[in-house]
Amino acid sequence: MDRNQRPRSILESLGEELIAILTPVSICMFTVVLLVCVLNSDPSSSSASFSSIATAAYSETDSDSSWDKFVGAFLNSLVFVAAITIATFVLVLLFYLRCVKFLKFYMGFSAFIVLGNLGGEILVLLIDRFRLPIDSITFLILLFNFSVVGVLAVFMSRFSILITQSYLVLIGVLVAYFFTLLPEWTTWVLLVALAIYDIAAVLLPVGPLRLLVEMAISRDEDIPALVYEARPVIRNDSSLVQRRVWRERRSSQNDIENATQDDARVVRAEAEEGLVAATRERSEISVPLINQAENSETFLEGIGLGSSGAIKLGLGDFIFYSVLVGRAAMYDLMTVYACYLAIIAGLGITLMLLSVYQKALPALPVSIMLGVVFYFLARLLLEVFVVQCSSNLVMF
């Protein structure tokens, strides 16, 4: 370490943390908006042809009244949130029964289906849209290889961190685009319902996501999940990922307790000196928002720090941020800008709260609430104001 090098301030490191998580979120949202603008020339027909569990209770039609659409969208949201809750509690049960290999296989299979099925459908639409010359055999071979590499990159953890992050963002883009094909009223009510569910699942003592996190910490295990990590974790000489640095600290503490009193004092003194030196070295890379030793957690959804000090954000948050701006893109780009700024502001507020409360927080509520409010404000007020200003300038 260069002793003459100026230590970086908290503000500088905080800016890097924000940029590290805002950049992939922005890329995901921009890509979804681009797909919506390119492929959805007629949103009403696309929405009518797409059905899922989110439209199981009610199918929206143009002839329905606004009240009927709202009630139907509310029922669809209840069904969707109930399905997610049941599935998450099943995940908790399987993790409690130590079916980790089955969960990893299921998550890998799900990622393969998303990349192969959803990705293939979007590629077909793009090929048809731009009239690209390609035969079906070549297309299937490329799609299969693309999907297999994606599963290996996300779950094997032996690829470049950039490849892993790129595939995670791509999975978010694919799922988000198909969610934008839901009916309009169902989309907005569903986003609000998911934000409320995120609060309950992460913060309530009986919330399924909180139960998973606490169980993983108590067992010192990782949860198989699609989670975006903002920066690479620290690697040792053999290039193995140090995903649980705190495990070594815990084992060293147990060794100290089993030693004699005199030897324990010496070991503690050496450990403290080594920890101080390691902290000084890590300060050249980044100053984490939360103390790593006290908050080493694994997240399915929400936002927090992993054991390496990197910010982690659940892929579901990527998806529903992008759904919001993608739905706004079906109206006009002015609402897209308003929603994007609202989501980024909400994510920044959530990161600030993360540094204050020092525990896992839901990342959807603030951003989704701000995004929904700004969407309707831009659509009902800002558009009228801009049109009037444009008319006055033309007359002038």
# chains A, B, ... in the order shown; residues from 1 in each chain; ligands from 1

$ select_by_dssp --residues "range 50-213 of chain A" --states "helix (DSSP H, G or I)" --output "PyMOL selection string"
chain A and resi 53-55+66-96+100-130+136-155+161-179+184-203+208-213

$ closest_atom_pairs --of "range 31-87 of chain A" --to "range 121-130 of chain A" --cutoff "9 Å" --atoms "only C-alpha atoms" --output "Markdown table"
| residue | atom | partner | partner_atom | distance |
| --- | --- | --- | --- | --- |
| A:Leu35 | CA | A:Ile122 | CA | 8.8 |
| A:Val38 | CA | A:Arg129 | CA | 8.2 |
| A:Leu39 | CA | A:Leu125 | CA | 7.2 |

$ write_last_selection --atoms "all heavy atoms" --output "short mmCIF file (atom, residue, chain, number, x, y, z; two decimals), in the first residue's frame"
data_model
loop_
_atom_site.label_atom_id
_atom_site.label_comp_id
_atom_site.auth_asym_id
_atom_site.auth_seq_id
_atom_site.Cartn_x
_atom_site.Cartn_y
_atom_site.Cartn_z
N LEU A 35 -37.06 -2.49 -26.54
CA LEU A 35 -37.85 -3.61 -27.07
C LEU A 35 -39.31 -3.24 -27.24
O LEU A 35 -39.96 -3.60 -28.23
CB LEU A 35 -37.71 -4.83 -26.16
CG LEU A 35 -36.38 -5.58 -26.19
CD1 LEU A 35 -36.37 -6.69 -25.14
CD2 LEU A 35 -36.12 -6.17 -27.57
N VAL A 38 -39.70 -1.01 -30.26
CA VAL A 38 -39.44 -1.70 -31.54
C VAL A 38 -40.52 -2.73 -31.86
O VAL A 38 -40.99 -2.83 -33.00
CB VAL A 38 -38.05 -2.37 -31.51
CG1 VAL A 38 -37.86 -3.27 -32.73
CG2 VAL A 38 -36.95 -1.32 -31.46
N LEU A 39 -40.95 -3.50 -30.84
CA LEU A 39 -41.82 -4.65 -31.10
C LEU A 39 -43.30 -4.37 -30.88
O LEU A 39 -44.15 -5.01 -31.49
CB LEU A 39 -41.41 -5.83 -30.20
CG LEU A 39 -39.98 -6.35 -30.41
CD1 LEU A 39 -39.69 -7.49 -29.44
CD2 LEU A 39 -39.78 -6.82 -31.85
#

$ residues_around --residues "Cys37 in chain A" --least-positions-apart "5" --cutoff "12 Å" --atoms "only C-alpha atoms" --output "list in words"
Phe30, Thr31, Val32, Asp42, Pro43, Leu126, Arg129, Tyr177, Thr180, Val325, Gly326, Arg327, Ala328, Ala329, Met330, Tyr331, Asp332, Leu333 and Val336 of chain A

$ residues_around --residues "Val173 in chain A" --least-positions-apart "5" --cutoff "12 Å" --atoms "only C-alpha atoms" --output "CSV table (one decimal) with all heavy atoms, in the first residue's frame"
chain,number,residue,atom,x,y,z
A,24,PRO,N,-26.4,-1.2,-14.0
A,24,PRO,CA,-27.1,-2.4,-14.6
A,24,PRO,C,-28.6,-2.2,-14.6
A,24,PRO,O,-29.3,-2.6,-15.5
A,24,PRO,CB,-26.7,-3.5,-13.7
A,24,PRO,CG,-26.2,-2.9,-12.4
A,24,PRO,CD,-25.6,-1.6,-12.8
A,25,VAL,N,-29.1,-1.5,-13.5
A,25,VAL,CA,-30.6,-1.2,-13.5
A,25,VAL,C,-31.0,-0.4,-14.7
A,25,VAL,O,-32.0,-0.6,-15.3
A,25,VAL,CB,-30.9,-0.6,-12.1
A,25,VAL,CG1,-32.4,-0.1,-12.2
A,25,VAL,CG2,-30.8,-1.6,-11.0
A,26,SER,N,-30.2,0.7,-14.9
A,26,SER,CA,-30.5,1.6,-16.1
A,26,SER,C,-30.4,0.8,-17.4
A,26,SER,O,-31.2,1.0,-18.3
A,26,SER,CB,-29.5,2.8,-16.1
A,26,SER,OG,-29.6,3.5,-14.9
A,27,ILE,N,-29.4,0.0,-17.5
A,27,ILE,CA,-29.3,-0.8,-18.8
A,27,ILE,C,-30.5,-1.7,-19.0
A,27,ILE,O,-31.0,-1.8,-20.1
A,27,ILE,CB,-28.0,-1.6,-18.8
A,27,ILE,CG1,-26.7,-0.7,-18.8
A,27,ILE,CG2,-27.9,-2.6,-19.9
A,27,ILE,CD1,-25.4,-1.4,-18.7
A,28,CYS,N,-30.9,-2.3,-17.9
A,28,CYS,CA,-32.1,-3.2,-18.0
A,28,CYS,C,-33.3,-2.5,-18.4
A,28,CYS,O,-34.1,-2.9,-19.3
A,28,CYS,CB,-32.3,-3.9,-16.6
A,28,CYS,SG,-33.6,-5.2,-16.6
A,29,MET,N,-33.6,-1.3,-17.8
A,29,MET,CA,-34.7,-0.5,-18.1
A,29,MET,C,-34.7,0.0,-19.5
A,29,MET,O,-35.7,0.0,-20.3
A,29,MET,CB,-34.9,0.6,-17.1
A,29,MET,CG,-35.3,0.2,-15.7
A,29,MET,SD,-35.7,1.6,-14.6
A,29,MET,CE,-34.1,2.3,-14.3
A,30,PHE,N,-33.5,0.5,-19.9
A,30,PHE,CA,-33.3,1.1,-21.3
A,30,PHE,C,-33.6,0.0,-22.3
A,30,PHE,O,-34.2,0.2,-23.4
A,30,PHE,CB,-31.9,1.6,-21.5
A,30,PHE,CG,-31.6,2.0,-22.9
A,30,PHE,CD1,-32.1,3.2,-23.4
A,30,PHE,CD2,-30.8,1.2,-23.7
A,30,PHE,CE1,-31.8,3.6,-24.7
A,30,PHE,CE2,-30.5,1.6,-25.0
A,30,PHE,CZ,-31.1,2.8,-25.5
A,31,THR,N,-33.1,-1.2,-22.1
A,31,THR,CA,-33.3,-2.3,-23.1
A,31,THR,C,-34.8,-2.7,-23.2
A,31,THR,O,-35.3,-3.0,-24.3
A,31,THR,CB,-32.5,-3.5,-22.7
A,31,THR,OG1,-31.1,-3.2,-22.4
A,31,THR,CG2,-32.5,-4.6,-23.7
A,32,VAL,N,-35.5,-2.7,-22.1
A,32,VAL,CA,-36.9,-3.1,-22.1
A,32,VAL,C,-37.7,-2.0,-22.9
A,32,VAL,O,-38.5,-2.3,-23.7
A,32,VAL,CB,-37.5,-3.2,-20.7
A,32,VAL,CG1,-39.0,-3.4,-20.7
A,32,VAL,CG2,-36.8,-4.5,-20.0
A,33,VAL,N,-37.3,-0.7,-22.6
A,33,VAL,CA,-38.0,0.4,-23.3
A,33,VAL,C,-37.7,0.3,-24.8
A,33,VAL,O,-38.6,0.5,-25.7
A,33,VAL,CB,-37.5,1.7,-22.8
A,33,VAL,CG1,-38.0,2.9,-23.7
A,33,VAL,CG2,-38.0,2.0,-21.4
A,34,LEU,N,-36.5,-0.1,-25.2
A,34,LEU,CA,-36.1,-0.2,-26.6
A,34,LEU,C,-36.9,-1.4,-27.2
A,34,LEU,O,-37.5,-1.2,-28.4
A,34,LEU,CB,-34.6,-0.5,-26.7
A,34,LEU,CG,-34.0,-0.5,-28.1
A,34,LEU,CD1,-34.2,0.9,-28.7
A,34,LEU,CD2,-32.6,-0.9,-28.1
A,35,LEU,N,-37.1,-2.5,-26.5
A,35,LEU,CA,-37.8,-3.6,-27.1
A,35,LEU,C,-39.3,-3.2,-27.2
A,35,LEU,O,-40.0,-3.6,-28.2
A,35,LEU,CB,-37.7,-4.8,-26.2
A,35,LEU,CG,-36.4,-5.6,-26.2
A,35,LEU,CD1,-36.4,-6.7,-25.1
A,35,LEU,CD2,-36.1,-6.2,-27.6
A,36,VAL,N,-39.8,-2.5,-26.3
A,36,VAL,CA,-41.2,-2.1,-26.3
A,36,VAL,C,-41.5,-1.2,-27.5
A,36,VAL,O,-42.4,-1.3,-28.3
A,36,VAL,CB,-41.7,-1.4,-25.0
A,36,VAL,CG1,-43.0,-0.7,-25.2
A,36,VAL,CG2,-41.8,-2.4,-23.9
A,114,VAL,N,-36.1,-19.5,-19.3
A,114,VAL,CA,-36.3,-18.1,-19.6
A,114,VAL,C,-35.4,-17.7,-20.8
A,114,VAL,O,-35.9,-17.0,-21.7
A,114,VAL,CB,-35.9,-17.2,-18.4
A,114,VAL,CG1,-35.7,-15.8,-18.7
A,114,VAL,CG2,-36.9,-17.4,-17.3
A,115,LEU,N,-34.2,-18.1,-20.8
A,115,LEU,CA,-33.2,-17.8,-21.9
A,115,LEU,C,-33.7,-18.5,-23.2
A,115,LEU,O,-33.6,-17.9,-24.3
A,115,LEU,CB,-31.8,-18.2,-21.5
A,115,LEU,CG,-31.2,-17.4,-20.4
A,115,LEU,CD1,-29.8,-18.0,-20.0
A,115,LEU,CD2,-31.0,-15.9,-20.8
A,118,LEU,N,-38.4,-17.7,-23.6
A,118,LEU,CA,-38.7,-16.2,-23.8
A,118,LEU,C,-37.7,-15.6,-24.7
A,118,LEU,O,-38.0,-14.7,-25.5
A,118,LEU,CB,-38.7,-15.6,-22.4
A,118,LEU,CG,-39.7,-16.1,-21.4
A,118,LEU,CD1,-39.7,-15.3,-20.1
A,118,LEU,CD2,-41.1,-16.2,-21.9
A,119,GLY,N,-36.4,-15.9,-24.5
A,119,GLY,CA,-35.4,-15.3,-25.4
A,119,GLY,C,-35.6,-15.7,-26.8
A,119,GLY,O,-35.4,-14.9,-27.7
A,122,ILE,N,-38.5,-13.6,-28.3
A,122,ILE,CA,-38.1,-12.3,-28.6
A,122,ILE,C,-37.2,-12.2,-29.9
A,122,ILE,O,-37.3,-11.3,-30.7
A,122,ILE,CB,-37.5,-11.6,-27.4
A,122,ILE,CG1,-38.5,-11.4,-26.3
A,122,ILE,CG2,-36.8,-10.3,-27.8
A,122,ILE,CD1,-38.0,-10.8,-25.1
A,166,SER,N,-24.0,-9.8,-17.0
A,166,SER,CA,-24.7,-9.5,-18.3
A,166,SER,C,-25.8,-10.5,-18.4
A,166,SER,O,-26.9,-10.1,-18.9
A,166,SER,CB,-23.7,-9.7,-19.5
A,166,SER,OG,-22.7,-8.8,-19.4
A,167,TYR,N,-25.6,-11.8,-18.1
A,167,TYR,CA,-26.7,-12.8,-18.2
A,167,TYR,C,-27.8,-12.5,-17.2
A,167,TYR,O,-29.0,-12.7,-17.5
A,167,TYR,CB,-26.2,-14.2,-18.0
A,167,TYR,CG,-25.8,-14.9,-19.3
A,167,TYR,CD1,-24.5,-15.0,-19.7
A,167,TYR,CD2,-26.8,-15.4,-20.2
A,167,TYR,CE1,-24.2,-15.6,-20.9
A,167,TYR,CE2,-26.5,-16.0,-21.4
A,167,TYR,CZ,-25.2,-16.1,-21.7
A,167,TYR,OH,-24.8,-16.7,-22.9
A,168,LEU,N,-27.5,-12.0,-16.0
A,168,LEU,CA,-28.5,-11.7,-15.0
A,168,LEU,C,-29.4,-10.5,-15.5
A,168,LEU,O,-30.6,-10.6,-15.4
A,168,LEU,CB,-27.8,-11.4,-13.7
A,168,LEU,CG,-27.3,-12.6,-12.9
A,168,LEU,CD1,-26.5,-12.1,-11.7
A,168,LEU,CD2,-28.4,-13.5,-12.4
A,178,PHE,N,-42.1,-9.4,-21.2
A,178,PHE,CA,-43.3,-10.1,-21.3
A,178,PHE,C,-44.3,-9.7,-20.2
A,178,PHE,O,-45.5,-9.8,-20.4
A,178,PHE,CB,-43.1,-11.6,-21.1
A,178,PHE,CG,-42.6,-12.3,-22.4
A,178,PHE,CD1,-41.3,-12.4,-22.7
A,178,PHE,CD2,-43.6,-12.7,-23.3
A,178,PHE,CE1,-40.9,-13.0,-23.9
A,178,PHE,CE2,-43.1,-13.3,-24.5
A,178,PHE,CZ,-41.8,-13.4,-24.8
A,179,PHE,N,-43.8,-9.1,-19.1
A,179,PHE,CA,-44.8,-8.5,-18.1
A,179,PHE,C,-45.4,-7.2,-18.6
A,179,PHE,O,-46.5,-6.9,-18.2
A,179,PHE,CB,-44.0,-8.3,-16.8
A,179,PHE,CG,-44.2,-9.4,-15.8
A,179,PHE,CD1,-43.1,-10.3,-15.6
A,179,PHE,CD2,-45.3,-9.6,-15.0
A,179,PHE,CE1,-43.2,-11.3,-14.7
A,179,PHE,CE2,-45.4,-10.6,-14.1
A,179,PHE,CZ,-44.4,-11.5,-14.0
A,180,THR,N,-44.7,-6.5,-19.5
A,180,THR,CA,-45.3,-5.3,-20.1
A,180,THR,C,-46.4,-5.6,-21.0
A,180,THR,O,-47.2,-4.7,-21.4
A,180,THR,CB,-44.2,-4.5,-20.9
A,180,THR,OG1,-43.7,-5.3,-22.0
A,180,THR,CG2,-43.0,-4.1,-20.0
A,315,LEU,N,-33.1,-10.0,-8.5
A,315,LEU,CA,-33.4,-9.8,-9.9
A,315,LEU,C,-34.8,-9.4,-10.1
A,315,LEU,O,-35.2,-8.8,-11.1
A,315,LEU,CB,-33.1,-11.1,-10.6
A,315,LEU,CG,-32.8,-10.9,-12.1
A,315,LEU,CD1,-31.6,-10.0,-12.4
A,315,LEU,CD2,-32.6,-12.3,-12.8
A,316,GLY,N,-35.7,-9.7,-9.1
A,316,GLY,CA,-37.1,-9.3,-9.2
A,316,GLY,C,-37.2,-7.8,-9.2
A,316,GLY,O,-38.1,-7.3,-9.9
A,317,ASP,N,-36.3,-7.1,-8.5
A,317,ASP,CA,-36.4,-5.7,-8.5
A,317,ASP,C,-36.0,-5.1,-9.9
A,317,ASP,O,-36.7,-4.2,-10.3
A,317,ASP,CB,-35.4,-5.1,-7.4
A,317,ASP,CG,-35.8,-5.7,-6.0
A,317,ASP,OD1,-36.9,-5.7,-5.7
A,317,ASP,OD2,-34.8,-6.1,-5.3
A,318,PHE,N,-35.0,-5.7,-10.5
A,318,PHE,CA,-34.7,-5.3,-11.9
A,318,PHE,C,-35.9,-5.4,-12.8
A,318,PHE,O,-36.2,-4.6,-13.6
A,318,PHE,CB,-33.6,-6.2,-12.5
A,318,PHE,CG,-32.2,-5.8,-12.0
A,318,PHE,CD1,-31.8,-6.1,-10.8
A,318,PHE,CD2,-31.3,-5.2,-12.9
A,318,PHE,CE1,-30.5,-5.8,-10.3
A,318,PHE,CE2,-30.1,-4.9,-12.5
A,318,PHE,CZ,-29.6,-5.2,-11.2
A,319,ILE,N,-36.6,-6.6,-12.6
A,319,ILE,CA,-37.8,-6.9,-13.5
A,319,ILE,C,-38.9,-5.8,-13.4
A,319,ILE,O,-39.4,-5.3,-14.4
A,319,ILE,CB,-38.3,-8.3,-13.2
A,319,ILE,CG1,-37.2,-9.3,-13.6
A,319,ILE,CG2,-39.6,-8.6,-13.9
A,319,ILE,CD1,-37.5,-10.7,-13.2
A,320,PHE,N,-39.3,-5.6,-12.2
A,320,PHE,CA,-40.4,-4.7,-12.0
A,320,PHE,C,-40.1,-3.2,-12.2
A,320,PHE,O,-41.0,-2.4,-12.5
A,320,PHE,CB,-41.1,-5.0,-10.6
A,320,PHE,CG,-41.7,-6.4,-10.6
A,320,PHE,CD1,-41.1,-7.4,-9.7
A,320,PHE,CD2,-42.7,-6.8,-11.4
A,320,PHE,CE1,-41.6,-8.6,-9.7
A,320,PHE,CE2,-43.2,-8.1,-11.3
A,320,PHE,CZ,-42.6,-9.0,-10.5
A,321,TYR,N,-38.9,-2.8,-11.9
A,321,TYR,CA,-38.5,-1.5,-12.4
A,321,TYR,C,-38.7,-1.3,-13.9
A,321,TYR,O,-39.2,-0.3,-14.4
A,321,TYR,CB,-37.0,-1.2,-12.0
A,321,TYR,CG,-36.7,-1.1,-10.6
A,321,TYR,CD1,-35.3,-1.3,-10.1
A,321,TYR,CD2,-37.6,-0.9,-9.6
A,321,TYR,CE1,-35.0,-1.2,-8.8
A,321,TYR,CE2,-37.3,-0.8,-8.2
A,321,TYR,CZ,-36.0,-1.0,-7.8
A,321,TYR,OH,-35.7,-0.9,-6.5
A,322,SER,N,-38.2,-2.3,-14.6
A,322,SER,CA,-38.2,-2.3,-16.1
A,322,SER,C,-39.7,-2.4,-16.6
A,322,SER,O,-40.0,-1.8,-17.6
A,322,SER,CB,-37.4,-3.4,-16.6
A,322,SER,OG,-36.0,-3.3,-16.2
A,323,VAL,N,-40.5,-3.2,-15.9
A,323,VAL,CA,-41.9,-3.2,-16.3
A,323,VAL,C,-42.6,-1.9,-16.2
A,323,VAL,O,-43.3,-1.5,-17.1
A,323,VAL,CB,-42.7,-4.3,-15.4
A,323,VAL,CG1,-44.2,-4.2,-15.6
A,323,VAL,CG2,-42.2,-5.7,-15.6
A,325,VAL,N,-41.2,1.2,-16.4
A,325,VAL,CA,-40.8,2.1,-17.5
A,325,VAL,C,-41.2,1.6,-18.9
A,325,VAL,O,-41.5,2.4,-19.8
A,325,VAL,CB,-39.2,2.4,-17.5
A,325,VAL,CG1,-38.9,3.1,-16.2
A,325,VAL,CG2,-38.5,1.1,-17.6
A,326,GLY,N,-41.2,0.3,-19.0
A,326,GLY,CA,-41.7,-0.3,-20.3
A,326,GLY,C,-43.2,0.0,-20.5
A,326,GLY,O,-43.6,0.3,-21.6

$ residues_around --residues "Lys69 in chain A" --least-positions-apart "2" --cutoff "12 Å" --atoms "only C-alpha atoms" --output "number ranges by chain"
A: 55, 57-67, 71-76, 183-189

$ residues_around --residues "Ala111 in chain A" --least-positions-apart "3" --cutoff "12 Å" --atoms "only C-alpha atoms" --output "NGL selection string"
:A and (104-108 or 114-119 or 146-155 or 167-172 or 174-175 or 224-226 or 315)

$ atom_distance --atom1 "CA of Ser367 in chain A" --atom2 "CA of Thr350 in chain A"
8.2 Å

$ closest_residue --among "A:Leu313, A:Met156, A:Val386, A:Leu181" --to "Ala230 in chain A" --atoms "only C-alpha atoms"
A:Leu313

$ atom_distance --atom1 "CA of Gln358 in chain A" --atom2 "CA of Pro208 in chain A"
19.7 Å

$ atom_distance --atom1 "CA of Ala378 in chain A" --atom2 "CA of Thr335 in chain A"
5.6 Å

$ closest_atom_pairs --of "range 135-208 of chain A" --to "range 82-89 of chain A" --cutoff "12 Å" --atoms "only C-alpha atoms" --output "JSON lines"
{"residue": "A:Leu190", "atom": "CA", "partner": "A:Ala82", "partner_atom": "CA", "distance": 11.8}
{"residue": "A:Ala193", "atom": "CA", "partner": "A:Ala82", "partner_atom": "CA", "distance": 10.6}
{"residue": "A:Leu194", "atom": "CA", "partner": "A:Ile84", "partner_atom": "CA", "distance": 9.6}
{"residue": "A:Tyr197", "atom": "CA", "partner": "A:Thr85", "partner_atom": "CA", "distance": 8.6}
{"residue": "A:Asp198", "atom": "CA", "partner": "A:Thr85", "partner_atom": "CA", "distance": 10.3}
{"residue": "A:Ala200", "atom": "CA", "partner": "A:Thr85", "partner_atom": "CA", "distance": 10.4}
{"residue": "A:Ala201", "atom": "CA", "partner": "A:Thr85", "partner_atom": "CA", "distance": 8.4}
{"residue": "A:Val202", "atom": "CA", "partner": "A:Thr88", "partner_atom": "CA", "distance": 11.8}
{"residue": "A:Val206", "atom": "CA", "partner": "A:Phe89", "partner_atom": "CA", "distance": 10.3}
{"residue": "A:Gly207", "atom": "CA", "partner": "A:Phe89", "partner_atom": "CA", "distance": 9.0}
{"residue": "A:Pro208", "atom": "CA", "partner": "A:Phe89", "partner_atom": "CA", "distance": 5.8}

$ decode --residues "range 205-226 of chain A" --atoms "N, CA and C atoms" --output "mmCIF file, in the first residue's frame"
data_model
loop_
_atom_site.group_PDB
_atom_site.id
_atom_site.type_symbol
_atom_site.label_atom_id
_atom_site.label_comp_id
_atom_site.auth_asym_id
_atom_site.auth_seq_id
_atom_site.Cartn_x
_atom_site.Cartn_y
_atom_site.Cartn_z
ATOM 1 N N PRO A 205 -41.503 -10.477 10.739
ATOM 2 C CA PRO A 205 -40.793 -11.644 11.312
ATOM 3 C C PRO A 205 -41.161 -12.964 10.647
ATOM 4 N N VAL A 206 -42.392 -13.066 10.143
ATOM 5 C CA VAL A 206 -42.821 -14.302 9.479
ATOM 6 C C VAL A 206 -42.771 -14.173 7.959
ATOM 7 N N GLY A 207 -42.151 -13.124 7.460
ATOM 8 C CA GLY A 207 -42.027 -12.967 6.014
ATOM 9 C C GLY A 207 -41.186 -14.069 5.414
ATOM 10 N N PRO A 208 -41.591 -14.636 4.294
ATOM 11 C CA PRO A 208 -40.863 -15.783 3.731
ATOM 12 C C PRO A 208 -39.421 -15.454 3.362
ATOM 13 N N LEU A 209 -39.180 -14.280 2.800
ATOM 14 C CA LEU A 209 -37.808 -13.930 2.429
ATOM 15 C C LEU A 209 -36.938 -13.720 3.657
ATOM 16 N N ARG A 210 -37.513 -13.138 4.692
ATOM 17 C CA ARG A 210 -36.748 -12.969 5.930
ATOM 18 C C ARG A 210 -36.436 -14.312 6.576
ATOM 19 N N LEU A 211 -37.393 -15.227 6.542
ATOM 20 C CA LEU A 211 -37.148 -16.561 7.083
ATOM 21 C C LEU A 211 -36.023 -17.257 6.340
ATOM 22 N N LEU A 212 -36.008 -17.112 5.017
ATOM 23 C CA LEU A 212 -34.942 -17.721 4.225
ATOM 24 C C LEU A 212 -33.578 -17.152 4.587
ATOM 25 N N VAL A 213 -33.507 -15.834 4.702
ATOM 26 C CA VAL A 213 -32.232 -15.196 5.018
ATOM 27 C C VAL A 213 -31.738 -15.630 6.388
ATOM 28 N N GLU A 214 -32.620 -15.612 7.380
ATOM 29 C CA GLU A 214 -32.215 -15.992 8.737
ATOM 30 C C GLU A 214 -31.804 -17.461 8.792
ATOM 31 N N MET A 215 -32.507 -18.318 8.066
ATOM 32 C CA MET A 215 -32.149 -19.731 8.041
ATOM 33 C C MET A 215 -30.783 -19.941 7.379
ATOM 34 N N ALA A 216 -30.529 -19.193 6.307
ATOM 35 C CA ALA A 216 -29.243 -19.315 5.624
ATOM 36 C C ALA A 216 -28.100 -18.855 6.520
ATOM 37 N N ILE A 217 -28.313 -17.785 7.270
ATOM 38 C CA ILE A 217 -27.260 -17.281 8.159
ATOM 39 C C ILE A 217 -27.011 -18.264 9.301
ATOM 40 N N SER A 218 -28.080 -18.805 9.871
ATOM 41 C CA SER A 218 -27.914 -19.742 10.986
ATOM 42 C C SER A 218 -27.190 -21.016 10.555
ATOM 43 N N ARG A 219 -27.396 -21.433 9.298
ATOM 44 C CA ARG A 219 -26.734 -22.638 8.788
ATOM 45 C C ARG A 219 -25.414 -22.346 8.095
ATOM 46 N N ASP A 220 -25.132 -21.070 7.883
ATOM 47 C CA ASP A 220 -23.911 -20.690 7.169
ATOM 48 C C ASP A 220 -23.911 -21.274 5.757
ATOM 49 N N GLU A 221 -25.051 -21.117 5.054
ATOM 50 C CA GLU A 221 -25.205 -21.651 3.708
ATOM 51 C C GLU A 221 -25.668 -20.557 2.757
ATOM 52 N N ASP A 222 -25.481 -20.794 1.471
ATOM 53 C CA ASP A 222 -25.965 -19.891 0.435
ATOM 54 C C ASP A 222 -27.332 -20.345 -0.041
ATOM 55 N N ILE A 223 -28.177 -19.370 -0.416
ATOM 56 C CA ILE A 223 -29.492 -19.672 -0.973
ATOM 57 C C ILE A 223 -29.391 -19.634 -2.492
ATOM 58 N N PRO A 224 -29.791 -20.695 -3.185
ATOM 59 C CA PRO A 224 -29.800 -20.638 -4.648
ATOM 60 C C PRO A 224 -30.824 -19.606 -5.119
ATOM 61 N N ALA A 225 -30.350 -18.530 -5.711
ATOM 62 C CA ALA A 225 -31.248 -17.463 -6.112
ATOM 63 C C ALA A 225 -30.596 -16.633 -7.198
ATOM 64 N N LEU A 226 -31.427 -15.899 -7.951
ATOM 65 C CA LEU A 226 -30.945 -14.993 -8.976
ATOM 66 C C LEU A 226 -30.747 -13.621 -8.333
#
